[in-house]
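Encoded as structure tokens, the structure appears first; notes follow it.
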Amino acid sequence: MTSKPNAISKAHPYRRASALNTQQVTAGRLVGDTCDRDWIWDREVETETHEPAFARAASAWEKQFRHLMDRSPFYAHKFREAGIGQNHLPLKEIANLPFTTKAELKEAIDEDPPFGSNLCVAPEQVKRIYQTSGTTGAPSVLALTRADMDMWTVIGARTYFATGIHDHSSVLTTFGAGPFVAGHTHFVLSRIGSRSVPVAPGDTDRVIFGLKAGLADTLLSTPSFAQYLANRLEKSEPNPKSMALSHIVTGGEPGGGVPAIRDHIQTVLGVTVTEVMGIGDIAPSLFGECPQQQGMHFCGGGHVWVELVDPDSREPMTIEGGALGELVYTHLTREAMPVVRFLGGDIVRIEGSPCACGRATFRMRVVGRLDDMFIVRGVNVYPTAILAVVGEFRPRVTGRARVIRKGPEVSILPPVPIEVEVPAAHGSDAALAAEIENAVHTRLTFRCKVELIPEATFGESGYKTKLTVTRL
């Protein structure tokens, strides 16, 4: 990948890589990227150590707390109920504040539609509105001021730049413009200065046309779609690696960091796979994995404060290598609809040691989501762990699988029903089903019943694959 004459965004300082650490220059770039610009979007923020990072966040939080107490009836009431009455609470004491849940935010909107009791700005200051998916009820809205939009763009630029997308990249994105927050990615790509090739979610034929025509060297998609694309091209093309595609950035669901999924995509398509993660109520892009592929860097410094808590006790945990917990988010600079100590439901493992790319922010890998987790005889199970086991049986499987649940109960009695997608030739392969069952039992310590589902029946993955499906 060589530098092309696109104009770089004015938001990113022109720094020549030759003036920086030579070893980090290589570590911070995708293979083949020979451009001479800095590979870190916001070097001051992304390389600062904990002390200055905390000082930056503490200063922003002081203003944000006053904004909440003055402008948010929702949080003013919530804090009073928790016994917090003062107008100043330092960031170091934020654990004294109560958590916020998705259900509470939804209730606040339902009580005073369309924006709810946590709007915090005059309605005329709202300049963009996204919607939630509404998978558990009616959709909610996410309101943004101009400053909020810019904040999202700043964080997103750090995130996608970290993955290796630079101003010379040509990016085919399958993230729709709306109504969901992933559509903000288009503004991020514009800020970075890269070429954008938008394709609607689920339009597989247009994605393939664009890639075969050489319109893009980078693809943004869910890991489910990237995996489906690799499977399809492996069958239909004599040499899928011959395309100009060299980089895939996955997001929108867990899976891009699962070795069995990532390795398959990389092997078939001859690409580098990195991943990003965001959360609608906070920012659509918040974590980005650099080409070292050792976990996603936190990219929200100065705008979002992140805590780690024990998923069961909700007690604070230290963000350090090897820690496993749930991420909790607090806005530091959000004007409309800010949240405090929001329980995101993402269970992550913190990666240890500094990264060779030079970023000092913590890195993590998503283990799974709490709403996908189930319990088998006292053992917590995340479907992504099942995908990792199933993926090892390629090419007899495609790599996709889902857990079938009989109801909303978290506890499931073994054997756990699992549907595994397979090529048509293996649809009745009883020996394969037994092998997968034994592997799951050996690796994950629970018994399951595997049903092999041919590709034509399992369903095309134009966007996301549900890891758990409830069938009463």
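Convention: chains lettered A, B, ... in structure tokens order; per-chain residue numbering from 1; ligands numbered from 1 as shown.
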So that I can check the secondary structure, give me every residue of stretch 178-424 of chain A assigned alpha helix (DSSP H) by backbone DSSP, as a ChimeraX atom specification.
/A:185-192,204-212,223-236,259-269,383-390
Residues within 7 Å of stretch 363-367 of chain A, please, as a PDB file with C-alpha atoms, in the first residue's frame. Count only C-alpha atoms; anything in the same chain fewer than 3 positions from it doesn't count.
ATOM      1  CA  PRO A 254     -17.814  -9.901  18.677  1.00  0.00           C
ATOM      2  CA  GLY A 257     -10.628 -11.172  17.395  1.00  0.00           C
ATOM      3  CA  GLY A 295      -6.262  -6.229  21.154  1.00  0.00           C
ATOM      4  CA  MET A 296      -8.165  -2.980  20.680  1.00  0.00           C
ATOM      5  CA  HIS A 297      -6.720   0.289  21.979  1.00  0.00           C
ATOM      6  CA  PHE A 298      -8.986   2.625  23.930  1.00  0.00           C
ATOM      7  CA  ASP A 346     -19.343  -6.096  27.235  1.00  0.00           C
ATOM      8  CA  ILE A 347     -17.130  -8.620  29.033  1.00  0.00           C
ATOM      9  CA  VAL A 348     -13.512  -7.989  28.106  1.00  0.00           C
ATOM     10  CA  ARG A 349     -10.033  -9.262  28.875  1.00  0.00           C
ATOM     11  CA  ILE A 350      -7.376  -6.588  29.362  1.00  0.00           C
ATOM     12  CA  GLU A 351      -4.221  -7.245  27.374  1.00  0.00           C
ATOM     13  CA  THR A 384     -17.881 -16.570  21.014  1.00  0.00           C
TER      14      THR A 384
END
Proximity of stretch 272-337 of chain A to stretch 140-162 of chain A: per-residue shortest pair, 9 Å limit, only C-alpha atoms, as CSV:
residue,atom,partner,partner_atom,distance
A:Val276,CA,A:Thr159,CA,7.1
A:Met277,CA,A:Thr159,CA,8.8
A:Gly280,CA,A:Leu142,CA,8.0
A:Asp281,CA,A:Leu142,CA,7.1
A:Ile282,CA,A:Trp152,CA,8.8
A:Ala283,CA,A:Trp152,CA,5.9
A:Pro284,CA,A:Trp152,CA,7.3
A:Ser285,CA,A:Gly156,CA,5.0
A:Leu286,CA,A:Thr159,CA,6.3
A:Phe287,CA,A:Thr159,CA,5.8
A:Gly288,CA,A:Thr159,CA,4.5
A:Glu289,CA,A:Ala162,CA,6.3
A:Cys290,CA,A:Ala162,CA,5.0
A:Pro291,CA,A:Ala162,CA,7.9
A:Met296,CA,A:Thr159,CA,8.9
A:His297,CA,A:Thr159,CA,7.9
A:Phe298,CA,A:Thr159,CA,8.0
A:Cys299,CA,A:Thr159,CA,5.7
A:Gly300,CA,A:Ile155,CA,5.4
A:Gly301,CA,A:Ile155,CA,8.2
A:His303,CA,A:Met151,CA,7.3
A:Thr333,CA,A:Met151,CA,7.9
A:Arg334,CA,A:Asp148,CA,5.8
A:Glu335,CA,A:Asp148,CA,6.4
A:Ala336,CA,A:Leu144,CA,5.7
A:Met337,CA,A:Ala143,CA,6.6
Per-residue DSSP, stretch 211-395 of chain A, filtered to strand (DSSP E), as an MDAnalysis selection string:
chainID A and resid 218:221 247:250 272:279 283:289 296:298 304:309 316:317 324:331 342:351 363:369 374:376 379:381
Quick one: everything within 7 Å of A:Pro90, counting only C-alpha atoms, minus sequence neighbours fewer than 3 positions away in the same chain. Send it as a VMD selection string.
chain A and resid 58 62 93 to 94
Skip A:Ile265 itself and residues of its chain fewer than 4 positions away, then list as a PyMOL selection string all residues within 9 Å of it, counting only C-alpha atoms.
chain A and resi 226-227+229-231+248+260-261+269-273
So that I can check the surroundings of stretch 412-414 of chain A, please list as a PDB file with N, CA and C atoms, in the first residue's frame every protein, DNA and RNA residue that reaches within 8 Å of it, counting only C-alpha atoms and ignoring chain neighbours fewer than 5 positions away.
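The file below, selection_21.pdb, is the result:
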ATOM      1  N   PHE A 374     -24.826 -17.526  28.856  1.00  0.00           N
ATOM      2  CA  PHE A 374     -25.716 -18.447  29.544  1.00  0.00           C
ATOM      3  C   PHE A 374     -24.888 -19.281  30.517  1.00  0.00           C
ATOM      4  N   ILE A 375     -25.557 -19.950  31.416  1.00  0.00           N
ATOM      5  CA  ILE A 375     -24.885 -20.708  32.481  1.00  0.00           C
ATOM      6  C   ILE A 375     -25.255 -22.177  32.361  1.00  0.00           C
ATOM      7  N   VAL A 376     -24.245 -23.027  32.342  1.00  0.00           N
ATOM      8  CA  VAL A 376     -24.462 -24.474  32.304  1.00  0.00           C
ATOM      9  C   VAL A 376     -23.819 -25.073  33.543  1.00  0.00           C
ATOM     10  N   ARG A 377     -24.649 -25.533  34.465  1.00  0.00           N
ATOM     11  CA  ARG A 377     -24.180 -26.146  35.716  1.00  0.00           C
ATOM     12  C   ARG A 377     -23.136 -25.269  36.409  1.00  0.00           C
ATOM     13  N   ARG A 405     -31.933 -21.382  22.431  1.00  0.00           N
ATOM     14  CA  ARG A 405     -32.445 -21.321  23.801  1.00  0.00           C
ATOM     15  C   ARG A 405     -33.951 -21.497  23.779  1.00  0.00           C
ATOM     16  N   PHE A 446     -18.900 -28.487  28.960  1.00  0.00           N
ATOM     17  CA  PHE A 446     -20.329 -28.776  29.024  1.00  0.00           C
ATOM     18  C   PHE A 446     -20.719 -29.622  27.809  1.00  0.00           C
ATOM     19  N   ARG A 447     -21.784 -30.380  27.993  1.00  0.00           N
ATOM     20  CA  ARG A 447     -22.271 -31.231  26.914  1.00  0.00           C
ATOM     21  C   ARG A 447     -23.240 -30.456  26.025  1.00  0.00           C
ATOM     22  N   CYS A 448     -23.176 -30.729  24.739  1.00  0.00           N
ATOM     23  CA  CYS A 448     -24.070 -30.058  23.797  1.00  0.00           C
ATOM     24  C   CYS A 448     -24.599 -31.066  22.793  1.00  0.00           C
TER      25      CYS A 448
END
Might you pull out every residue within 12 Å of A:Asn96, with only C-alpha atoms counted and same-chain residues fewer than 6 positions away left off, and present them as number ranges by chain?
A: 79, 82-85, 89-90, 315-316, 340-341
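The closest residue to A:Val397, picked from A:Phe180, A:Phe115, A:Phe362, A:Tyr228 and counting only C-alpha atoms, is A:Tyr228.
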Using only C-alpha atoms, find each residue in stretch 307-376 of chain A having at least one atom no more than 10 Å away from stretch 29-45 of chain A; report its shortest atom-to-atom pair and that distance in Å (one decimal), rows by chain then rising number, as a Markdown table.
| residue | atom | partner | partner_atom | distance |
| --- | --- | --- | --- | --- |
| A:Cys357 | CA | A:Arg29 | CA | 8.1 |
| A:Gly358 | CA | A:Ile40 | CA | 8.4 |
| A:Arg359 | CA | A:Ile40 | CA | 7.8 |
| A:Ala360 | CA | A:Val45 | CA | 9.0 |
| A:Thr361 | CA | A:Val45 | CA | 8.8 |
Work out how far atom CA of A:Glu275 is from atom CA of A:Ala244, in Å to one decimal.
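Interatomic distance here is 19.6 Å.
The closest residue to A:Tyr329, picked from A:Thr100, A:Thr274, A:Gln86, A:Thr47 and counting only C-alpha atoms, is A:Thr100.
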Could you check how far atom CA of A:Ser242 sits from atom CA of A:Gly214, in Å to one decimal?
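Between atom CA of A:Ser242 and atom CA of A:Gly214 the gap is 10.0 Å.
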Length of the atom CA of A:Phe342 to atom CA of A:Thr174 vector [Å]:
28.0 Å
